[in-house]
Every structure is written in C-alpha cells, then in structure tokens.
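**Q** Before we start, here is the structure in question, set down as structure tokens.
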Amino acid sequence: MTLNIKIIAPDRTVWDAEAQEIILPSSTGQLGILTGHAPLLTALDIGVMRVRVDKEWMPIVLLGGFAEIENNQLTILVNGAEEASQIDLVEAEKNLDTATQLLNDASSSKEKIEATQNIRKARARVQAATAAIA
C-alpha cells in the first residue's frame, strides 16, 4: 500500500506521486506518516521532508505551510519547496555563511528575525543537499 502525496507551492505543484513513508518537519517536531495514518492536519516548519519511494529516501526542503492526511492522501500546502536534486551544495553553504554573517551584523529586531529565518532556510537546503549526495 502507498500514500498519494501532493506538494503544492503558490506557483506550482512540486510533487505529485506515491510513496511508502514520509517524515515531515511539523511545528512540534518530526512527524512520520505511513499508510493507514489517522486523519490529521498539522502546521509545517521550515525543514527537510523525507519521502521513501521503494527503498530510496528523497529529501525535499519545505519552507513552512500545512499538511493534511486523510484516506492515504497527503496534501501539503507550502510557502515554497525545493527538491534536493535542484540544490547546489556549494551555493547553499555560501548562503548559510552569508545569512549567519547578516545575523551577526543585525541591529534591529526585524533584521534579527529576517536573518534567523534565512539561516533556517539555508540550513535546510544544506541538510537536504548533503543527504542527496550521501
């Protein structure tokens, strides 16, 4: 048995396929989804979603949103998403360094919040890209 997964971003459908298992970055921690999961609606955090298709795990960066599971149909509405295969690890690491420097240089609360969000996004990209090549 499989789960039907659809990841929808504002500008496109990122993923529309079947998988055996999913691990989501929910706002309360990692959330594993298998077939037959009870109906659930959860908020998603910035982080890496892992999808198991056959015996292979695929990382996908999610930039916050919501997920609903019902009758083996997982619908994920996100602010943005990136497949790990689309991420350049060197560029992602460079962006993480830049975001870290911006946080160190931030003086206002607004700058600190924006820099922290950028660090979280950059860390997720580095994590996904690293997992994809491992």
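By order in the structure tokens, chains are A, B, ...; within a chain, residues start at 1; ligands start at 1, following the order shown.
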Which neighbours of segment 8-21 of chain A fall inside 6 Å, counting only C-alpha atoms, when residues of the same chain fewer than 6 positions from it are skipped, and could you give them as a PDB file with N, CA and C atoms, in the first residue's frame?
**A**
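Generated file (selection-v6.pdb):
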ATOM      1  N   THR A   2       0.395   2.291  -0.647  1.00  0.00           N
ATOM      2  CA  THR A   2       1.169   3.519  -0.727  1.00  0.00           C
ATOM      3  C   THR A   2       0.328   4.729  -0.330  1.00  0.00           C
ATOM      4  N   ILE A  33       4.673   9.589   8.711  1.00  0.00           N
ATOM      5  CA  ILE A  33       3.378   9.221   8.133  1.00  0.00           C
ATOM      6  C   ILE A  33       3.549   7.915   7.358  1.00  0.00           C
ATOM      7  N   LEU A  34       2.739   6.916   7.708  1.00  0.00           N
ATOM      8  CA  LEU A  34       2.680   5.650   6.986  1.00  0.00           C
ATOM      9  C   LEU A  34       1.267   5.458   6.456  1.00  0.00           C
ATOM     10  N   VAL A  51      10.995  11.562   1.921  1.00  0.00           N
ATOM     11  CA  VAL A  51       9.996  10.726   1.272  1.00  0.00           C
ATOM     12  C   VAL A  51      10.673   9.417   0.875  1.00  0.00           C
ATOM     13  N   ARG A  52      10.066   8.290   1.273  1.00  0.00           N
ATOM     14  CA  ARG A  52      10.622   6.994   0.874  1.00  0.00           C
ATOM     15  C   ARG A  52       9.798   6.437  -0.271  1.00  0.00           C
ATOM     16  N   VAL A  53      10.464   6.321  -1.427  1.00  0.00           N
ATOM     17  CA  VAL A  53       9.858   5.715  -2.605  1.00  0.00           C
ATOM     18  C   VAL A  53      10.632   4.426  -2.847  1.00  0.00           C
ATOM     19  N   LEU A  77       0.465  21.939   1.593  1.00  0.00           N
ATOM     20  CA  LEU A  77       0.441  23.302   1.060  1.00  0.00           C
ATOM     21  C   LEU A  77       1.587  24.060   1.705  1.00  0.00           C
ATOM     22  N   VAL A  78       2.512  24.549   0.888  1.00  0.00           N
ATOM     23  CA  VAL A  78       3.714  25.182   1.424  1.00  0.00           C
ATOM     24  C   VAL A  78       3.937  26.565   0.834  1.00  0.00           C
ATOM     25  N   ASN A  79       4.703  27.358   1.574  1.00  0.00           N
ATOM     26  CA  ASN A  79       5.107  28.678   1.084  1.00  0.00           C
ATOM     27  C   ASN A  79       6.131  28.529  -0.034  1.00  0.00           C
ATOM     28  N   GLY A  80       6.894  27.464  -0.003  1.00  0.00           N
ATOM     29  CA  GLY A  80       7.897  27.170  -1.015  1.00  0.00           C
ATOM     30  C   GLY A  80       8.477  25.797  -0.757  1.00  0.00           C
TER      31      GLY A  80
END
**Q** Determine, using only C-alpha atoms, which residues of segment 67-95 of chain A have any atom at most 12 Å from an atom of segment 111-128 of chain A, and tabulate each with its shortest atom pair and distance in Å to one decimal place, rows ordered by chain and then rising number, as JSON lines.
**A**
{"residue": "A:Asn79", "atom": "CA", "partner": "A:Lys121", "partner_atom": "CA", "distance": 11.8}
{"residue": "A:Gly80", "atom": "CA", "partner": "A:Lys121", "partner_atom": "CA", "distance": 10.4}
{"residue": "A:Ala81", "atom": "CA", "partner": "A:Arg125", "partner_atom": "CA", "distance": 10.0}
{"residue": "A:Glu82", "atom": "CA", "partner": "A:Arg125", "partner_atom": "CA", "distance": 8.1}
{"residue": "A:Glu83", "atom": "CA", "partner": "A:Ala128", "partner_atom": "CA", "distance": 8.1}
{"residue": "A:Ala84", "atom": "CA", "partner": "A:Ala128", "partner_atom": "CA", "distance": 5.3}
{"residue": "A:Ser85", "atom": "CA", "partner": "A:Ala128", "partner_atom": "CA", "distance": 8.7}
{"residue": "A:Gln86", "atom": "CA", "partner": "A:Arg125", "partner_atom": "CA", "distance": 9.9}
{"residue": "A:Ile87", "atom": "CA", "partner": "A:Arg125", "partner_atom": "CA", "distance": 6.9}
{"residue": "A:Asp88", "atom": "CA", "partner": "A:Val126", "partner_atom": "CA", "distance": 8.6}
{"residue": "A:Leu89", "atom": "CA", "partner": "A:Val126", "partner_atom": "CA", "distance": 6.1}
{"residue": "A:Val90", "atom": "CA", "partner": "A:Val126", "partner_atom": "CA", "distance": 8.6}
{"residue": "A:Glu91", "atom": "CA", "partner": "A:Val126", "partner_atom": "CA", "distance": 8.9}
{"residue": "A:Ala92", "atom": "CA", "partner": "A:Val126", "partner_atom": "CA", "distance": 5.5}
{"residue": "A:Glu93", "atom": "CA", "partner": "A:Val126", "partner_atom": "CA", "distance": 6.1}
{"residue": "A:Lys94", "atom": "CA", "partner": "A:Ala122", "partner_atom": "CA", "distance": 8.9}
{"residue": "A:Asn95", "atom": "CA", "partner": "A:Ala122", "partner_atom": "CA", "distance": 6.2}
**Q** Please identify all polymer residues within 7 Å of Leu74 of chain A, counting only C-alpha atoms, omitting same-chain residues fewer than 2 positions from it, and present them as a PyMOL selection string.
**A** chain A and resi 3-6+67-70+72+76
**Q** Those residues you just picked out, can you put them in a file as a PDB file, in the first residue's frame with all heavy atoms?
**A**
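Final output, again12.pdb:
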ATOM      1  N   LEU A   3       1.030   5.824  -0.121  1.00  0.00           N
ATOM      2  CA  LEU A   3       0.403   7.108   0.157  1.00  0.00           C
ATOM      3  C   LEU A   3       0.458   7.957  -1.113  1.00  0.00           C
ATOM      4  O   LEU A   3       1.487   7.975  -1.792  1.00  0.00           O
ATOM      5  CB  LEU A   3       1.172   7.847   1.261  1.00  0.00           C
ATOM      6  CG  LEU A   3       1.163   7.229   2.643  1.00  0.00           C
ATOM      7  CD1 LEU A   3       2.319   7.768   3.463  1.00  0.00           C
ATOM      8  CD2 LEU A   3      -0.146   7.535   3.324  1.00  0.00           C
ATOM      9  N   ASN A   4      -0.613   8.630  -1.424  1.00  0.00           N
ATOM     10  CA  ASN A   4      -0.599   9.595  -2.522  1.00  0.00           C
ATOM     11  C   ASN A   4      -0.193  10.935  -1.931  1.00  0.00           C
ATOM     12  O   ASN A   4      -0.836  11.418  -1.004  1.00  0.00           O
ATOM     13  CB  ASN A   4      -1.991   9.702  -3.162  1.00  0.00           C
ATOM     14  CG  ASN A   4      -2.404   8.417  -3.807  1.00  0.00           C
ATOM     15  OD1 ASN A   4      -1.631   7.789  -4.516  1.00  0.00           O
ATOM     16  ND2 ASN A   4      -3.627   7.989  -3.540  1.00  0.00           N
ATOM     17  N   ILE A   5       0.870  11.519  -2.484  1.00  0.00           N
ATOM     18  CA  ILE A   5       1.407  12.760  -1.942  1.00  0.00           C
ATOM     19  C   ILE A   5       1.337  13.849  -3.000  1.00  0.00           C
ATOM     20  O   ILE A   5       1.744  13.653  -4.137  1.00  0.00           O
ATOM     21  CB  ILE A   5       2.875  12.590  -1.524  1.00  0.00           C
ATOM     22  CG1 ILE A   5       3.013  11.417  -0.574  1.00  0.00           C
ATOM     23  CG2 ILE A   5       3.411  13.867  -0.915  1.00  0.00           C
ATOM     24  CD1 ILE A   5       4.422  10.950  -0.426  1.00  0.00           C
ATOM     25  N   LYS A   6       0.844  14.998  -2.572  1.00  0.00           N
ATOM     26  CA  LYS A   6       0.826  16.161  -3.440  1.00  0.00           C
ATOM     27  C   LYS A   6       1.374  17.335  -2.633  1.00  0.00           C
ATOM     28  O   LYS A   6       0.850  17.659  -1.566  1.00  0.00           O
ATOM     29  CB  LYS A   6      -0.578  16.470  -3.928  1.00  0.00           C
ATOM     30  CG  LYS A   6      -0.618  17.557  -4.985  1.00  0.00           C
ATOM     31  CD  LYS A   6      -2.002  17.755  -5.540  1.00  0.00           C
ATOM     32  CE  LYS A   6      -2.189  16.756  -6.666  1.00  0.00           C
ATOM     33  NZ  LYS A   6      -3.377  17.041  -7.475  1.00  0.00           N
ATOM     34  N   ALA A  67      -0.015  20.506   6.340  1.00  0.00           N
ATOM     35  CA  ALA A  67      -0.182  19.185   5.745  1.00  0.00           C
ATOM     36  C   ALA A  67      -1.463  18.567   6.279  1.00  0.00           C
ATOM     37  O   ALA A  67      -1.795  18.716   7.455  1.00  0.00           O
ATOM     38  CB  ALA A  67       1.004  18.284   6.078  1.00  0.00           C
ATOM     39  N   GLU A  68      -2.169  17.863   5.391  1.00  0.00           N
ATOM     40  CA  GLU A  68      -3.380  17.152   5.774  1.00  0.00           C
ATOM     41  C   GLU A  68      -3.285  15.731   5.254  1.00  0.00           C
ATOM     42  O   GLU A  68      -2.961  15.513   4.077  1.00  0.00           O
ATOM     43  CB  GLU A  68      -4.615  17.825   5.180  1.00  0.00           C
ATOM     44  CG  GLU A  68      -5.898  17.069   5.509  1.00  0.00           C
ATOM     45  CD  GLU A  68      -7.107  17.631   4.785  1.00  0.00           C
ATOM     46  OE1 GLU A  68      -6.976  18.028   3.606  1.00  0.00           O
ATOM     47  OE2 GLU A  68      -8.181  17.658   5.409  1.00  0.00           O
ATOM     48  N   ILE A  69      -3.531  14.772   6.136  1.00  0.00           N
ATOM     49  CA  ILE A  69      -3.564  13.370   5.738  1.00  0.00           C
ATOM     50  C   ILE A  69      -4.962  12.833   6.004  1.00  0.00           C
ATOM     51  O   ILE A  69      -5.536  13.058   7.060  1.00  0.00           O
ATOM     52  CB  ILE A  69      -2.494  12.517   6.489  1.00  0.00           C
ATOM     53  CG1 ILE A  69      -2.553  11.051   6.080  1.00  0.00           C
ATOM     54  CG2 ILE A  69      -2.639  12.643   7.980  1.00  0.00           C
ATOM     55  CD1 ILE A  69      -1.909  10.736   4.808  1.00  0.00           C
ATOM     56  N   GLU A  70      -5.514  12.165   4.994  1.00  0.00           N
ATOM     57  CA  GLU A  70      -6.815  11.526   5.129  1.00  0.00           C
ATOM     58  C   GLU A  70      -6.945  10.488   4.026  1.00  0.00           C
ATOM     59  O   GLU A  70      -6.673  10.766   2.859  1.00  0.00           O
ATOM     60  CB  GLU A  70      -7.941  12.562   5.019  1.00  0.00           C
ATOM     61  CG  GLU A  70      -9.294  11.987   5.382  1.00  0.00           C
ATOM     62  CD  GLU A  70     -10.369  13.053   5.518  1.00  0.00           C
ATOM     63  OE1 GLU A  70     -10.164  14.196   5.067  1.00  0.00           O
ATOM     64  OE2 GLU A  70     -11.419  12.715   6.077  1.00  0.00           O
ATOM     65  N   ASN A  72      -5.119   7.920   3.156  1.00  0.00           N
ATOM     66  CA  ASN A  72      -3.854   7.701   2.448  1.00  0.00           C
ATOM     67  C   ASN A  72      -3.565   8.760   1.394  1.00  0.00           C
ATOM     68  O   ASN A  72      -2.785   8.545   0.474  1.00  0.00           O
ATOM     69  CB  ASN A  72      -3.794   6.305   1.829  1.00  0.00           C
ATOM     70  CG  ASN A  72      -3.700   5.239   2.882  1.00  0.00           C
ATOM     71  OD1 ASN A  72      -3.059   5.437   3.922  1.00  0.00           O
ATOM     72  ND2 ASN A  72      -4.351   4.114   2.665  1.00  0.00           N
ATOM     73  N   ILE A  76       0.049  18.647   0.933  1.00  0.00           N
ATOM     74  CA  ILE A  76       0.948  19.566   1.614  1.00  0.00           C
ATOM     75  C   ILE A  76       0.901  20.905   0.885  1.00  0.00           C
ATOM     76  O   ILE A  76       1.232  20.981  -0.299  1.00  0.00           O
ATOM     77  CB  ILE A  76       2.385  19.003   1.631  1.00  0.00           C
ATOM     78  CG1 ILE A  76       2.399  17.644   2.336  1.00  0.00           C
ATOM     79  CG2 ILE A  76       3.336  19.986   2.294  1.00  0.00           C
ATOM     80  CD1 ILE A  76       3.713  16.901   2.212  1.00  0.00           C
TER      81      ILE A  76
END
**Q** To one decimal place in Å, what is the distance between atom CA of Asp97 of chain A and atom CA of Leu63 of chain A?
**A**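 Taking atom CA of Asp97 of chain A and atom CA of Leu63 of chain A, their separation equals 18.9 Å.
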**Q** Taking the DSSP secondary structure from the backbone, can you list the residues of chain A that are strand (DSSP E), as a PyMOL selection string?
**A** chain A and resi 3-9+12-19+21-26+29-34+40-53+56-70+73-78+81-83
**Q** Please extract the residues of chain A with a backbone DSSP assignment of helix (DSSP H, G or I) and present them as a VMD selection string.
**A** chain A and resid 84 to 86 89 to 105 109 to 133
**Q** Write a file of the just-selected residues containing N, CA and C atoms, as a compact mmCIF listing (two decimals), in the first residue's frame.
**A**
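Output (again_19.txt):
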# COMPACT_ATOMS: atom_id res chain seq x y z
N ALA A 84 15.90 18.29 -3.39
CA ALA A 84 17.33 18.30 -3.09
C ALA A 84 18.17 18.23 -4.36
N SER A 85 17.69 17.56 -5.38
CA SER A 85 18.45 17.44 -6.63
C SER A 85 18.62 18.79 -7.33
N GLN A 86 17.80 19.77 -6.95
CA GLN A 86 17.87 21.11 -7.56
C GLN A 86 18.79 22.06 -6.78
N LEU A 89 25.06 22.35 -3.47
CA LEU A 89 25.57 22.32 -2.10
C LEU A 89 26.54 23.46 -1.83
N VAL A 90 27.44 23.75 -2.75
CA VAL A 90 28.42 24.83 -2.54
C VAL A 90 27.69 26.17 -2.39
N GLU A 91 26.72 26.41 -3.24
CA GLU A 91 25.94 27.65 -3.16
C GLU A 91 25.13 27.71 -1.87
N ALA A 92 24.56 26.58 -1.45
CA ALA A 92 23.78 26.53 -0.22
C ALA A 92 24.66 26.83 0.99
N GLU A 93 25.87 26.28 1.02
CA GLU A 93 26.79 26.55 2.13
C GLU A 93 27.21 28.02 2.14
N LYS A 94 27.42 28.58 0.96
CA LYS A 94 27.76 30.00 0.86
C LYS A 94 26.61 30.87 1.38
N ASN A 95 25.38 30.51 1.03
CA ASN A 95 24.22 31.26 1.51
C ASN A 95 24.06 31.14 3.03
N LEU A 96 24.40 29.99 3.60
CA LEU A 96 24.35 29.82 5.04
C LEU A 96 25.37 30.72 5.73
N ASP A 97 26.57 30.79 5.17
CA ASP A 97 27.59 31.68 5.74
C ASP A 97 27.15 33.14 5.68
N THR A 98 26.59 33.53 4.54
CA THR A 98 26.11 34.91 4.37
C THR A 98 25.00 35.22 5.36
N ALA A 99 24.05 34.30 5.51
CA ALA A 99 22.93 34.50 6.43
C ALA A 99 23.42 34.59 7.87
N THR A 100 24.42 33.78 8.22
CA THR A 100 24.99 33.82 9.56
C THR A 100 25.67 35.17 9.82
N GLN A 101 26.37 35.66 8.82
CA GLN A 101 27.03 36.97 8.95
C GLN A 101 26.00 38.09 9.10
N LEU A 102 24.89 38.00 8.33
CA LEU A 102 23.83 39.01 8.44
C LEU A 102 23.21 39.00 9.83
N LEU A 103 23.07 37.82 10.43
CA LEU A 103 22.54 37.75 11.80
C LEU A 103 23.51 38.41 12.78
N ASN A 104 24.80 38.15 12.60
CA ASN A 104 25.80 38.74 13.48
C ASN A 104 25.82 40.27 13.36
N ASP A 105 25.53 40.78 12.17
CA ASP A 105 25.54 42.22 11.91
C ASP A 105 24.21 42.90 12.20
N SER A 109 15.42 44.37 15.78
CA SER A 109 14.68 43.11 15.97
C SER A 109 14.23 42.55 14.64
N LYS A 110 13.77 43.42 13.76
CA LYS A 110 13.31 42.98 12.45
C LYS A 110 14.44 42.32 11.66
N GLU A 111 15.61 42.92 11.67
CA GLU A 111 16.76 42.35 10.96
C GLU A 111 17.14 41.00 11.54
N LYS A 112 17.07 40.88 12.86
CA LYS A 112 17.42 39.62 13.52
C LYS A 112 16.43 38.51 13.17
N ILE A 113 15.14 38.85 13.12
CA ILE A 113 14.11 37.86 12.77
C ILE A 113 14.30 37.40 11.33
N GLU A 114 14.51 38.35 10.41
CA GLU A 114 14.70 38.01 8.99
C GLU A 114 15.96 37.16 8.81
N ALA A 115 17.03 37.53 9.50
CA ALA A 115 18.29 36.78 9.38
C ALA A 115 18.13 35.37 9.94
N THR A 116 17.40 35.23 11.04
CA THR A 116 17.17 33.91 11.63
C THR A 116 16.37 33.03 10.67
N GLN A 117 15.35 33.58 10.04
CA GLN A 117 14.56 32.83 9.05
C GLN A 117 15.45 32.40 7.87
N ASN A 118 16.31 33.31 7.42
CA ASN A 118 17.21 32.98 6.31
C ASN A 118 18.20 31.89 6.70
N ILE A 119 18.65 31.89 7.93
CA ILE A 119 19.55 30.84 8.41
C ILE A 119 18.83 29.50 8.41
N ARG A 120 17.60 29.48 8.90
CA ARG A 120 16.83 28.23 8.95
C ARG A 120 16.62 27.66 7.54
N LYS A 121 16.31 28.53 6.58
CA LYS A 121 16.13 28.09 5.19
C LYS A 121 17.45 27.57 4.62
N ALA A 122 18.53 28.30 4.87
CA ALA A 122 19.83 27.89 4.34
C ALA A 122 20.28 26.57 4.95
N ARG A 123 20.06 26.39 6.26
CA ARG A 123 20.42 25.12 6.91
C ARG A 123 19.64 23.95 6.32
N ALA A 124 18.35 24.17 6.07
CA ALA A 124 17.53 23.10 5.48
C ALA A 124 18.05 22.74 4.09
N ARG A 125 18.43 23.73 3.30
CA ARG A 125 18.97 23.46 1.96
C ARG A 125 20.27 22.67 2.03
N VAL A 126 21.16 23.07 2.95
CA VAL A 126 22.43 22.35 3.11
C VAL A 126 22.17 20.92 3.56
N GLN A 127 21.27 20.75 4.51
CA GLN A 127 20.94 19.41 5.01
C GLN A 127 20.38 18.53 3.89
N ALA A 128 19.46 19.07 3.09
CA ALA A 128 18.87 18.28 2.00
C ALA A 128 19.90 17.95 0.93
N ALA A 129 20.72 18.93 0.56
CA ALA A 129 21.72 18.69 -0.48
C ALA A 129 22.75 17.67 -0.01
N THR A 130 23.13 17.73 1.26
CA THR A 130 24.09 16.78 1.81
C THR A 130 23.50 15.37 1.82
N ALA A 131 22.23 15.26 2.20
CA ALA A 131 21.57 13.94 2.23
C ALA A 131 21.42 13.37 0.83
N ALA A 132 21.21 14.23 -0.15
CA ALA A 132 21.01 13.77 -1.53
C ALA A 132 22.28 13.15 -2.12
N ILE A 133 23.44 13.66 -1.69
CA ILE A 133 24.68 13.13 -2.27
C ILE A 133 25.27 12.01 -1.42
**Q** Rounded to one decimal place, report the atom CA of Met1 of chain A-atom CA of Gln30 of chain A distance in Å.
**A**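 Atom CA of Gln30 of chain A lies at a distance of 22.3 Å from atom CA of Met1 of chain A.
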**Q** Choose the residue, out of A:Thr35, A:Asn71, A:Ile22, A:Ile46, that has the smallest atom-to-atom separation from Pro59 of chain A; count only C-alpha atoms.
**A**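 Closest to Pro59 of chain A of all the choices is A:Ile22.
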**Q** Using only C-alpha atoms, which of A:Gly65, A:Arg50, A:Ile7, A:Ser107 sits nearest Gly32 of chain A?
**A**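 For Gly32 of chain A, the nearest of the given residues is A:Arg50.
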